file entry.cif (mmCIF, C-alpha atoms)
data_coords
loop_
_atom_site.label_atom_id
_atom_site.label_comp_id
_atom_site.auth_asym_id
_atom_site.auth_seq_id
_atom_site.Cartn_x
_atom_site.Cartn_y
_atom_site.Cartn_z
CA MET P 1 137.40 101.92 150.25
CA LYS P 2 137.93 104.94 152.53
CA LEU P 3 134.88 105.53 154.69
CA PRO P 4 134.21 107.65 157.74
CA PRO P 5 134.67 106.10 161.17
CA GLY P 6 131.66 104.54 162.76
CA THR P 7 130.05 101.31 163.81
CA ARG P 8 129.96 98.48 161.28
CA THR P 9 127.50 95.63 161.49
CA SER P 10 127.87 92.59 159.29
CA LEU P 11 124.48 91.82 157.73
CA TYR P 12 125.30 89.07 155.22
CA HIS P 13 128.30 86.85 154.52
CA SER P 14 129.34 84.87 151.44
CA ALA P 15 127.16 81.77 151.97
CA GLY P 16 124.02 83.83 152.53
CA LEU P 17 124.79 86.07 149.57
CA ASP P 18 125.40 83.08 147.33
CA ALA P 19 121.85 81.95 148.16
CA VAL P 20 120.60 85.48 147.38
CA LEU P 21 122.38 85.40 144.00
CA ASP P 22 120.88 81.98 143.27
CA ARG P 23 117.41 83.42 143.88
CA MET P 24 118.20 86.48 141.77
CA ALA P 25 119.36 84.25 138.89
CA ARG P 26 116.10 82.26 139.07
CA GLN P 27 114.06 85.47 138.92
CA ALA P 28 116.16 86.91 136.09
CA ALA P 29 115.96 83.68 134.08
CA GLY P 30 112.18 83.81 134.29
CA LEU P 31 112.13 87.42 133.08
CA LEU P 32 114.60 86.81 130.26
CA HIS P 33 113.31 83.48 128.97
CA GLY P 34 112.39 83.67 125.28
CA ASN P 35 113.43 87.30 124.81
CA GLY P 36 116.08 86.65 122.15
CA PRO P 37 119.69 87.83 122.36
CA LEU P 38 120.84 88.98 125.80
CA ALA P 39 123.48 91.40 127.06
CA VAL P 40 124.42 91.65 130.73
CA VAL P 41 125.76 95.07 131.70
CA GLY P 42 127.63 95.49 134.97
CA VAL P 43 127.78 98.93 136.55
CA LEU P 44 131.36 99.52 137.64
CA ARG P 45 132.71 98.99 140.13
CA ARG P 46 130.94 96.39 142.21
CA GLY P 47 128.13 95.73 139.74
CA ALA P 48 130.62 94.23 137.27
CA PRO P 49 131.75 91.26 139.40
CA LEU P 50 128.13 90.79 140.49
CA ALA P 51 127.17 90.68 136.80
CA ASP P 52 129.82 87.99 136.26
CA ARG P 53 128.44 85.90 139.15
CA LEU P 54 124.86 86.32 137.96
CA THR P 55 125.78 85.53 134.34
CA GLU P 56 127.55 82.35 135.40
CA ARG P 57 124.42 81.20 137.25
CA LEU P 58 122.14 82.11 134.34
CA VAL P 59 124.24 80.07 131.90
CA LEU P 60 125.17 77.07 134.06
CA ARG P 61 122.00 76.61 136.10
CA HIS P 62 119.24 78.04 133.93
CA GLY P 63 120.36 77.24 130.39
CA VAL P 64 120.56 80.85 129.23
CA PRO P 65 122.83 81.12 126.15
CA PRO P 66 126.06 82.96 127.01
CA PRO P 67 125.20 86.66 126.80
CA LEU P 68 127.25 89.59 125.60
CA ARG P 69 129.00 90.97 128.74
CA LEU P 70 129.59 94.70 128.95
CA ASP P 71 130.45 97.15 131.73
CA LEU P 72 129.66 100.82 132.18
CA ALA P 73 131.53 103.18 134.50
CA VAL P 74 128.97 105.31 136.33
CA LYS P 75 130.01 107.91 138.90
CA ARG P 76 127.82 110.06 141.12
CA TYR P 77 128.54 109.37 144.80
CA ALA P 78 131.63 108.77 146.91
CA ASP P 79 131.72 105.67 149.10
CA ASP P 80 130.40 107.77 152.00
CA LEU P 81 127.39 108.81 149.85
CA THR P 82 128.49 112.42 149.44
CA LEU P 83 127.58 113.77 146.03
CA VAL P 84 130.65 113.95 143.80
CA TYR P 85 128.98 114.70 140.45
CA PRO P 86 125.64 116.57 140.35
CA ASP P 87 125.26 115.24 136.79
CA THR P 88 125.94 111.53 136.80
CA GLN P 89 129.04 110.61 134.78
CA LEU P 90 128.84 107.59 132.46
CA THR P 91 131.72 106.13 130.46
CA GLU P 92 131.73 103.06 128.25
CA ALA P 93 134.70 101.17 126.87
CA PRO P 94 135.85 102.70 123.56
CA ARG P 95 135.34 99.32 121.82
CA ASP P 96 131.62 99.52 122.74
CA ALA P 97 131.01 103.09 121.54
CA SER P 98 129.53 102.07 118.18
CA LEU P 99 127.67 99.03 119.54
CA ASP P 100 124.00 98.87 118.51
CA LEU P 101 121.83 96.87 120.89
CA GLY P 102 118.84 96.74 118.53
CA GLY P 103 116.90 93.52 119.20
CA VAL P 104 118.90 92.79 122.36
CA THR P 105 117.40 92.48 125.83
CA VAL P 106 119.73 94.02 128.41
CA LEU P 107 120.06 93.04 132.05
CA VAL P 108 121.73 95.83 134.06
CA VAL P 109 123.40 94.65 137.28
CA ASP P 110 124.43 96.94 140.15
CA ASP P 111 125.20 96.53 143.81
CA VAL P 112 122.94 99.15 145.46
CA LEU P 113 119.90 101.04 144.17
CA TYR P 114 119.96 104.34 146.03
CA THR P 115 118.22 107.43 144.60
CA GLY P 116 117.95 106.11 141.04
CA GLN P 117 119.91 108.94 139.42
CA SER P 118 122.72 106.65 138.27
CA LEU P 119 120.26 104.06 137.00
CA LEU P 120 118.41 106.74 135.03
CA LYS P 121 121.66 107.67 133.28
CA VAL P 122 122.28 104.00 132.40
CA LEU P 123 118.73 103.53 131.08
CA ASP P 124 119.03 106.64 128.91
CA HIS P 125 122.35 105.40 127.53
CA LEU P 126 120.93 101.96 126.69
CA ASN P 127 117.86 103.54 125.09
CA ARG P 128 120.15 105.55 122.79
CA LYS P 129 121.82 102.23 121.85
CA HIS P 130 118.37 100.91 120.83
CA ALA P 131 118.08 98.12 123.42
CA ALA P 132 114.91 96.13 122.76
CA ALA P 133 114.19 95.86 126.49
CA VAL P 134 116.05 96.66 129.69
CA ARG P 135 115.72 94.80 132.99
CA VAL P 136 117.49 95.79 136.19
CA ALA P 137 118.94 93.56 138.91
CA VAL P 138 120.39 94.94 142.14
CA LEU P 139 121.87 93.14 145.10
CA VAL P 140 120.42 95.73 147.52
CA ASP P 141 117.51 98.14 147.15
CA ARG P 142 117.66 100.81 149.86
CA CYS P 143 114.00 101.69 149.16
CA VAL P 144 114.72 105.43 148.89
CA THR P 145 114.61 106.15 145.15
CA THR P 146 113.67 109.72 144.36
CA LEU P 147 112.68 108.85 140.80
CA PRO P 148 109.88 106.56 139.60
CA LEU P 149 112.34 103.73 138.96
CA ARG P 150 112.51 100.21 140.31
CA ALA P 151 114.60 97.11 139.90
CA ASP P 152 113.04 94.03 138.31
CA VAL P 153 115.21 91.65 140.35
CA VAL P 154 116.11 92.57 143.92
CA GLY P 155 118.34 90.47 146.13
CA LEU P 156 117.62 92.29 149.39
CA ARG P 157 115.54 95.27 150.45
CA LEU P 158 117.25 97.14 153.28
CA GLU P 159 115.42 100.09 154.78
CA VAL P 160 118.04 101.80 156.91
CA ALA P 161 118.43 105.27 158.40
CA PRO P 162 119.29 107.92 155.78
CA SER P 163 122.70 108.57 157.37
CA HIS P 164 123.66 104.88 157.34
CA ILE P 165 125.73 103.42 154.52
CA VAL P 166 125.18 100.01 152.97
CA GLU P 167 128.59 98.63 151.96
CA CYS P 168 128.58 95.80 149.45
CA HIS P 169 131.96 94.08 149.61
CA VAL P 170 132.53 92.24 146.35
CA PRO P 171 135.75 90.49 145.29
CA PRO P 172 138.03 91.45 143.61
CA TYR P 173 137.54 94.90 145.14
CA GLU P 174 137.36 93.52 148.68
CA PRO P 175 138.64 90.19 149.98
CA ASP P 176 135.25 89.00 151.25
CA PHE P 177 131.77 88.82 149.73
CA SER P 178 129.56 90.48 152.31
CA ILE P 179 127.18 93.30 153.12
CA GLN P 180 128.05 95.63 155.98
CA LEU P 181 126.01 98.44 157.51
CA LEU P 182 128.02 101.50 158.52
CA GLN P 183 126.59 103.85 161.10
CA PRO P 184 128.89 106.88 160.74
CA GLN P 185 130.21 108.60 163.85
CA PRO P 186 128.40 111.87 164.48
CA ALA P 187 130.47 114.92 163.45
CA GLY P 188 131.94 116.94 166.25
#

call {"tool": "encode", "arguments": {"input": "entry.cif", "output": "structure tokens"}}
result
Amino acid sequence: MKLPPGTRTSLYHSAGLDAVLDRMARQAAGLLHGNGPLAVVGVLRRGAPLADRLTERLVLRHGVPPPLRLDLAVKRYADDLTLVYPDTQLTEAPRDASLDLGGVTVLVVDDVLYTGQSLLKVLDHLNRKHAAAVRVAVLVDRCVTTLPLRADVVGLRLEVAPSHIVECHVPPYEPDFSIQLLQPQPAG
């Protein structure tokens, strides 16, 4: 991940984040209990391995039947939070293009909830696939959504300065499972 220079502060490491994921799985299991078939959708990139970790906990620790696991590629921002696509880009795997989610409850998993624009694109996509219900789980909510959207399951709420960047490091994309706060160097 290429980010601007600045000061990085480590906020959470693997052991602490494992406890956060355990709590998220408990919350999600309560929301999903008795809702019929389940699909867990990871938002690529880092939401996908988080979805795998959350799914494993739901199945092994909370008795949730193994769900359908899907991923969606959603692109709007660069790692430094500069806007790359004014209209959020969403791509699904070709094998999933004709998938009908009628009667299926969907749990969307992402690393950071920022403005909500990307999440809105995902919700619209899942609505067009006839999902019976959609729940959202995020590791970090920055508490700055610009749309009337919220996550149902939130690992951490981090209210940081607008110029600061919350970096979720998630294997296999990074070697360590952690959350870092980047305070970019002022330009000039």

call {"tool": "resolve_selection", "arguments": {"input": "entry.cif", "expression": "the PyMOL selection byres ((chain P and resi 101) around 8)", "output": "PyMOL selection string"}}
result
chain P and resi 99-100+102-105+126+129-132

call {"tool": "write_last_selection", "arguments": {"input": "entry.cif", "atoms": "C-alpha atoms", "output": "compact mmCIF listing (two decimals), in the frame of the given file"}}
result
# COMPACT_ATOMS: atom_id res chain seq x y z
CA LEU P 99 127.67 99.03 119.54
CA ASP P 100 124.00 98.87 118.51
CA GLY P 102 118.84 96.74 118.53
CA GLY P 103 116.90 93.52 119.20
CA VAL P 104 118.90 92.79 122.36
CA THR P 105 117.40 92.48 125.83
CA LEU P 126 120.93 101.96 126.69
CA LYS P 129 121.82 102.23 121.85
CA HIS P 130 118.37 100.91 120.83
CA ALA P 131 118.08 98.12 123.42
CA ALA P 132 114.91 96.13 122.76

call {"tool": "closest_residue", "arguments": {"input": "entry.cif", "among": "P:Leu44, P:Ser163, P:Pro171, P:Gly116", "to": "P:Arg150", "atoms": "all atoms listed in the file"}}
result
P:Gly116

call {"tool": "residues_around", "arguments": {"input": "entry.cif", "residues": "P:Asp71", "least_positions_apart": "3", "cutoff": "7 Å", "atoms": "all atoms listed in the file", "output": "ChimeraX atom specification"}}
result
/P:41-44,48,92

call {"tool": "closest_residue", "arguments": {"input": "entry.cif", "among": "P:Leu90, P:Cys168, P:Ala15, P:Val144", "to": "P:Leu120", "atoms": "all atoms listed in the file"}}
result
P:Leu90

call {"tool": "resolve_selection", "arguments": {"input": "entry.cif", "expression": "the PyMOL selection byres ((chain P and resi 34-36) around 10)", "output": "PyMOL selection string"}}
result
chain P and resi 29-33+37-38+64-65+103-106+132-133

call {"tool": "atom_distance", "arguments": {"input": "entry.cif", "atom1": "atom CA of P:Arg53", "atom2": "atom CA of P:Pro175"}}
result
15.5 Å

call {"tool": "resolve_selection", "arguments": {"input": "entry.cif", "expression": "the PyMOL selection byres ((chain P and resi 111) around 9)", "output": "PyMOL selection string"}}
result
chain P and resi 43+45-48+50+109-110+112-113+137-141+168+170

call {"tool": "atom_distance", "arguments": {"input": "entry.cif", "atom1": "atom CA of P:Thr7", "atom2": "atom CA of P:Ala19"}}
result
26.2 Å

call {"tool": "atom_distance", "arguments": {"input": "entry.cif", "atom1": "atom CA of P:Cys143", "atom2": "atom CA of P:Asp87"}}
result
21.5 Å
